[in-house]
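Asker: My questions will all concern the structure given below.
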Amino acid sequence: MAKNYQQDGNVLTFIAPAGGVVSGKPYVIGAMALVALETVDADKPFSGRVTGVFRLPCAAGLAVGVKVSLKDGGLVADGTASSFPFGKLAAAEADGFADCRLSN
């Protein structure tokens, strides 16, 4: 095995932004799309998953396979003003939620 291998990179440690983070909610830190795996206060370390598929709040009418961004804690059409690129839908929106594959 390579001597410079560090980790698989699926779960990384971050410092919680102002307001803290809540387990299971989506966030963008820097340019990294992630879902918090624990609830912590601001300025505390937490684990965030940067790969995988998560069921998240989603704007109505978005179809499977489309690129989505994160705005105000929910998924919106890619390119929406004041949003951050987040992933692609693995399932179309239904009842205000969709399965999203994180993109990093």
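Chain identifiers are assigned as A, B, and so on, following the order in which chains appear in the structure tokens; residues are numbered from 1 within each chain, and ligands are numbered from 1 in order of appearance.
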Got a sec: who's within 6 Å of stretch 77-86 of chain A, counting only C-alpha atoms, leaving out chain neighbours fewer than 3 positions off, as JSON, numbers by chain?
Answerer: {"A": [33, 67, 68, 69, 70, 71, 103]}
Asker: Could you pull out all residues of chain A with a DSSP call of strand (DSSP E) and give them as a VMD selection string?
Answerer: chain A and resid 11 to 15 26 to 29 32 to 36 45 to 49 53 to 57 67 to 71 74 to 77 84 to 89 97 to 102
Asker: If I take atom CA of A:Leu89 and atom CA of A:Ala63, how far is one from the other in Å, to one decimal?
Answerer: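 Computed distance, atom CA of A:Leu89 to atom CA of A:Ala63, equals 7.1 Å.
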Asker: Each residue of stretch 30-104 of chain A lying at most 7 Å from stretch 17-23 of chain A should get a row with its shortest atom-to-atom pair and the distance in Å to one decimal, counting only C-alpha atoms; could you produce that, ordered by chain and increasing number, as a Markdown table?
Answerer:
```
| residue | atom | partner | partner_atom | distance |
| --- | --- | --- | --- | --- |
| A:Ala36 | CA | A:Ser23 | CA | 4.9 |
| A:Leu37 | CA | A:Ser23 | CA | 4.8 |
| A:Glu38 | CA | A:Ser23 | CA | 4.2 |
| A:Thr39 | CA | A:Val22 | CA | 4.2 |
| A:Val40 | CA | A:Val21 | CA | 5.6 |
| A:Asp41 | CA | A:Gly20 | CA | 4.1 |
| A:Ala42 | CA | A:Gly20 | CA | 4.0 |
| A:Asp43 | CA | A:Pro17 | CA | 6.2 |
```
